[in-house]
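Taking it in order: structure first as structure tokens, then the write-up.
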Amino acid sequence: MSTWAATHLKWLRLAVFLVAVSLGLTGPLAHTAAQGGSTHTVQSGENLFRIALRYNTTVESLSIANGISDPTRIYAGQVLVIPGAEAAVPAPAEPAPAPAAVEPAPAPEANRAAVYHTVQAGETLASIGRTYGLGWTEIAAANGLANPNHIYGGQQLLIPGTNAPGTAAVAPPVEQAPAEPAPAPAAVEPAPASTGAQRTHVVQRGERLASIASIYGVSWPAIARANNLTDPNHIFAGQTLVIPAIDDGQGAYVQPNTWAPAAAPPTISTGKQIVVDLSDQRVYAYENGQLLRNVLVSTGLPGTPTVQGDYRIYVKYDSQLMSGPGYYLPGVPYVMYFYKGYGLHGTYWHNNFGQPMSHGCVNMPTPEAQWFYNWAEIGTPVHVQW
């Protein structure tokens, strides 16, 4: 190559380099842009929930992006892809100020009380956070949620940043779903406990016995017994409930036997038995032929029906990840398998009980699944019929 050509090539390379520098295309930033996101190297003691908080994402998103089937099993040194994150820029520790339209009406700082939100069917931490102008990570941290994907209808969540320092939190107020706010009627206000007067509560849309009980400081079974409710999951907006002055202290709810003739009968008369009736979408608990409990459930869809026959519970899990084509459900509570992959378990992702909804399992309201889980031991017979 001639001296002239070599000199010309040298100047051309220098010009290209200067253009690249001016456009910010050199060094590590170019590599980051090519990756379209960032990565995180797991440190000793970290878990997916903490990593998700740091990058303002979810455990589910991290699991899907990295092909993790069990989000509780990660290891130090593992390199995780952070979906949709800015390169090496974790989520800010403090959230951006809430939009003015979302902020509650101002109140004197000394008198501001804590704000609670009653979870409605279908809501997520992200959608609740948007309602109050907060990040879902703040709500998860304020309520000590180990699994941010595990919330359920009727659950009371503390909304952080709404209580003045030094002010004691108060009982959760009666709330409507954010999409349809409405003031609570005067009947919601409880009578002073010292008077011993009978109290009533007018049910609002979206309310459940558990959330109503938390307002008055009594248990939901006590309200169910005071109103002779044959199905504690079946209350309706506008219904007037008697609120007992004090909790009756009788513990778990045992439904009255007045409706027993309509129940699917047991097939054995000795010991415990669970009867699943697909035709009326209910599960019944029997002991020595005596009906103890009845709950509305959701069984398998026509394309994925629940098996029929006689089985026994062969394994139980307090919580388990369930995944398959079209679904990924971490932390499914109170799982009891009775045949292969068919089981009874709690449900936090829908509240449409009474309609077939599942891939073959028996979806139960989480409080009811907990009752059955504690009552039925391994080996308990399960009869499934149409």
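Order determines the names: the first chain of the structure tokens is A, the second B, and so forth; residues in each chain are numbered 1 upward, and ligands are numbered 1 upward as they are shown.
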Practice task
Give me the residues within 8 Å of region 359-368 of chain A as a VMD selection string, counting only C-alpha atoms and dropping any in the same chain fewer than 5 places off.
Solution key: chain A and resid 152 295 to 301 304 to 307 333 to 334 341 to 348 351 353
Practice task
For CA of Thr118 (chain A) and CA of Pro71 (chain A), quote the distance in Å rounded to one decimal.
Solution key: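 Pair CA of Thr118 (chain A) / CA of Pro71 (chain A) returns 27.3 Å.
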Practice task
With a distance cut-off of 6 Å and only C-alpha atoms, select the neighbouring residues of Asn288 (chain A), excluding the residue or stretch itself and same-chain residues fewer than 6 positions from it, and output the selection as JSON, numbers by chain.
Solution key: {"A": [269, 270, 271]}
Exercise for the section: Determine, counting only C-alpha atoms, which protein, DNA and RNA residues have an atom within 8 Å of an atom of His150 (chain A); residues of the same chain fewer than 3 positions away are not included. Present the result as a list of chain:residue names. Expected result: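 Surrounding residues, per the criterion: A:Asn147, A:Pro330, A:Gly331, A:Val332, A:Tyr348.
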Handout entry: Distance of CA of Trp375 (chain A) from CA of Val218 (chain A), expressed in Å to one decimal place
Key =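 Interatomic distance here is 22.9 Å.
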Problem - Spatial neighbours of region 311-318 of chain A, max dist 8 Å, only C-alpha atoms, sep filter under 4 positions, as a ChimeraX atom specification - result: /A:333-339,373,377-383
Residues of the last selection are to be written out with N, CA and C atoms, as a PDB file, in the first residue's frame.
```pdb
ATOM      1  N   PRO A 333     -52.721 -21.854  46.885  1.00  0.00           N
ATOM      2  CA  PRO A 333     -52.787 -22.265  48.295  1.00  0.00           C
ATOM      3  C   PRO A 333     -53.628 -23.519  48.545  1.00  0.00           C
ATOM      4  N   TYR A 334     -53.252 -24.255  49.582  1.00  0.00           N
ATOM      5  CA  TYR A 334     -54.034 -25.354  50.156  1.00  0.00           C
ATOM      6  C   TYR A 334     -54.441 -26.382  49.087  1.00  0.00           C
ATOM      7  N   VAL A 335     -53.423 -27.038  48.531  1.00  0.00           N
ATOM      8  CA  VAL A 335     -53.627 -27.991  47.447  1.00  0.00           C
ATOM      9  C   VAL A 335     -53.757 -29.406  48.022  1.00  0.00           C
ATOM     10  N   MET A 336     -54.801 -30.138  47.583  1.00  0.00           N
ATOM     11  CA  MET A 336     -54.990 -31.537  47.984  1.00  0.00           C
ATOM     12  C   MET A 336     -55.266 -32.348  46.718  1.00  0.00           C
ATOM     13  N   TYR A 337     -54.296 -33.191  46.319  1.00  0.00           N
ATOM     14  CA  TYR A 337     -54.470 -34.011  45.124  1.00  0.00           C
ATOM     15  C   TYR A 337     -55.185 -35.314  45.481  1.00  0.00           C
ATOM     16  N   PHE A 338     -56.168 -35.685  44.627  1.00  0.00           N
ATOM     17  CA  PHE A 338     -56.898 -36.930  44.872  1.00  0.00           C
ATOM     18  C   PHE A 338     -56.755 -37.937  43.725  1.00  0.00           C
ATOM     19  N   TYR A 339     -56.307 -37.459  42.528  1.00  0.00           N
ATOM     20  CA  TYR A 339     -56.070 -38.381  41.414  1.00  0.00           C
ATOM     21  C   TYR A 339     -55.110 -37.722  40.433  1.00  0.00           C
ATOM     22  N   TYR A 373     -58.567 -28.151  53.900  1.00  0.00           N
ATOM     23  CA  TYR A 373     -57.185 -28.602  54.029  1.00  0.00           C
ATOM     24  C   TYR A 373     -56.880 -29.012  55.470  1.00  0.00           C
ATOM     25  N   GLU A 377     -57.476 -35.189  56.223  1.00  0.00           N
ATOM     26  CA  GLU A 377     -56.114 -35.707  56.243  1.00  0.00           C
ATOM     27  C   GLU A 377     -55.871 -36.535  54.984  1.00  0.00           C
ATOM     28  N   ILE A 378     -54.596 -36.885  54.765  1.00  0.00           N
ATOM     29  CA  ILE A 378     -54.256 -37.754  53.646  1.00  0.00           C
ATOM     30  C   ILE A 378     -54.978 -39.091  53.823  1.00  0.00           C
ATOM     31  N   GLY A 379     -55.595 -39.554  52.750  1.00  0.00           N
ATOM     32  CA  GLY A 379     -56.380 -40.782  52.801  1.00  0.00           C
ATOM     33  C   GLY A 379     -57.867 -40.542  52.851  1.00  0.00           C
ATOM     34  N   THR A 380     -58.292 -39.277  53.043  1.00  0.00           N
ATOM     35  CA  THR A 380     -59.728 -38.987  53.085  1.00  0.00           C
ATOM     36  C   THR A 380     -60.376 -39.324  51.735  1.00  0.00           C
ATOM     37  N   PRO A 381     -61.486 -40.078  51.720  1.00  0.00           N
ATOM     38  CA  PRO A 381     -62.140 -40.438  50.463  1.00  0.00           C
ATOM     39  C   PRO A 381     -62.726 -39.208  49.762  1.00  0.00           C
ATOM     40  N   VAL A 382     -62.630 -39.190  48.436  1.00  0.00           N
ATOM     41  CA  VAL A 382     -63.204 -38.123  47.608  1.00  0.00           C
ATOM     42  C   VAL A 382     -64.092 -38.781  46.569  1.00  0.00           C
ATOM     43  N   HIS A 383     -65.372 -38.441  46.567  1.00  0.00           N
ATOM     44  CA  HIS A 383     -66.316 -38.967  45.579  1.00  0.00           C
ATOM     45  C   HIS A 383     -66.726 -37.842  44.643  1.00  0.00           C
TER      46      HIS A 383
END
```
Exercise for the section: In Å, rounded to a single decimal, give me how far CA of Glu287 (chain A) is from CA of Gln308 (chain A). Expected result: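 Between CA of Gln308 (chain A) and CA of Glu287 (chain A) the gap is 20.9 Å.
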Name the residues in contact with Leu158 (chain A) at a cut-off of 7 Å, using only C-alpha atoms, excluding same-chain residues fewer than 5 positions from it; report them as a PDB file with N, CA and C atoms, in the first residue's frame.
```pdb
ATOM      1  N   VAL A 115     -55.210   4.617  54.963  1.00  0.00           N
ATOM      2  CA  VAL A 115     -56.176   4.235  53.940  1.00  0.00           C
ATOM      3  C   VAL A 115     -55.978   2.770  53.599  1.00  0.00           C
ATOM      4  N   TYR A 116     -57.075   2.011  53.574  1.00  0.00           N
ATOM      5  CA  TYR A 116     -57.044   0.614  53.182  1.00  0.00           C
ATOM      6  C   TYR A 116     -57.853   0.439  51.900  1.00  0.00           C
ATOM      7  N   HIS A 117     -57.468  -0.564  51.145  1.00  0.00           N
ATOM      8  CA  HIS A 117     -58.184  -0.885  49.908  1.00  0.00           C
ATOM      9  C   HIS A 117     -58.683  -2.323  49.994  1.00  0.00           C
ATOM     10  N   ALA A 142     -45.423  -2.559  51.930  1.00  0.00           N
ATOM     11  CA  ALA A 142     -46.194  -2.041  53.062  1.00  0.00           C
ATOM     12  C   ALA A 142     -47.035  -3.121  53.723  1.00  0.00           C
ATOM     13  N   ASN A 143     -47.407  -4.150  52.956  1.00  0.00           N
ATOM     14  CA  ASN A 143     -48.253  -5.212  53.489  1.00  0.00           C
ATOM     15  C   ASN A 143     -47.517  -6.511  53.741  1.00  0.00           C
TER      16      ASN A 143
END
```
Handout entry: Within 8 Å of Ile139 (chain A) using only C-alpha atoms, minus same-chain residues under 6 positions, as an MDAnalysis selection string
Key = chainID A and resid 125 129 157:160
Atoms kept (C-alpha atoms) for selection, written as a short mmCIF file (atom, residue, chain, number, x, y, z; two decimals), in the first residue's frame:
```
data_model
loop_
_atom_site.label_atom_id
_atom_site.label_comp_id
_atom_site.auth_asym_id
_atom_site.auth_seq_id
_atom_site.Cartn_x
_atom_site.Cartn_y
_atom_site.Cartn_z
CA LEU A 125 -51.24 -4.97 42.74
CA GLY A 129 -51.20 0.92 42.49
CA LEU A 157 -54.40 -3.81 51.78
CA LEU A 158 -52.76 -0.85 53.48
CA ILE A 159 -52.03 1.94 50.99
CA PRO A 160 -48.65 3.43 52.03
#
```
Practice task
Just the strand (DSSP E or B) stuff from region 322-373 of chain A, please, per backbone DSSP, written as a list in words.
Solution key: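 Result set for region 322-373 of chain A (strand (DSSP E or B)): Met322, Ser323, Gly324, Tyr327, Tyr328, Leu329, Pro330, Gly331, Val332, Pro333, Tyr334, Val335, Met336, Tyr337, Phe338, Tyr339, Tyr342, Gly343, Leu344, His345, Gly346, Thr347, Ser358, Val362, Asn363, Met364 and Pro365 of chain A.
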Practice task
Considering only C-alpha atoms, state which residue in the set A:Asn56, A:Arg225, A:Lys272, A:His201 is at the smallest distance from Val242 (chain A).
Solution key: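 Residue with the minimum atom-to-atom distance to Val242 (chain A): A:His201.
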Practice task
Rank A:Ile215, A:Leu291, A:Ala285, A:Met322 by their smallest atom-to-atom distance to Ala376 (chain A), using only C-alpha atoms, and report the top residue only.
Solution key: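 Counting only C-alpha atoms, the residue closest to Ala376 (chain A) is A:Ala285.
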Handout entry: Residues flagged alpha helix (DSSP H) by DSSP in region 315-370 of chain A, as a list of chain:residue names
Key =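 Those residues are A:Thr366, A:Pro367, A:Glu368, A:Ala369, A:Gln370.
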Take the residues from that selection and put them in a file with N, CA and C atoms, as a PDB file, in the first residue's frame.
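Below is the file selection_21.pdb, written as the result:
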```pdb
ATOM      1  N   THR A 366     -60.377 -19.347  48.729  1.00  0.00           N
ATOM      2  CA  THR A 366     -59.204 -19.663  49.551  1.00  0.00           C
ATOM      3  C   THR A 366     -59.548 -19.941  51.018  1.00  0.00           C
ATOM      4  N   PRO A 367     -60.429 -19.154  51.689  1.00  0.00           N
ATOM      5  CA  PRO A 367     -60.758 -19.494  53.089  1.00  0.00           C
ATOM      6  C   PRO A 367     -61.406 -20.870  53.211  1.00  0.00           C
ATOM      7  N   GLU A 368     -62.248 -21.246  52.223  1.00  0.00           N
ATOM      8  CA  GLU A 368     -62.885 -22.557  52.272  1.00  0.00           C
ATOM      9  C   GLU A 368     -61.870 -23.671  52.010  1.00  0.00           C
ATOM     10  N   ALA A 369     -60.937 -23.419  51.071  1.00  0.00           N
ATOM     11  CA  ALA A 369     -59.897 -24.411  50.803  1.00  0.00           C
ATOM     12  C   ALA A 369     -59.052 -24.648  52.054  1.00  0.00           C
ATOM     13  N   GLN A 370     -58.807 -23.585  52.812  1.00  0.00           N
ATOM     14  CA  GLN A 370     -58.043 -23.728  54.054  1.00  0.00           C
ATOM     15  C   GLN A 370     -58.800 -24.599  55.056  1.00  0.00           C
TER      16      GLN A 370
END
```
Fill in the blank from the handout: The residue from A:Ile223, A:Leu329, A:Leu229, A:Val384 with the smallest atom-to-atom distance to Val283 (chain A), counting only C-alpha atoms, is A:Val384
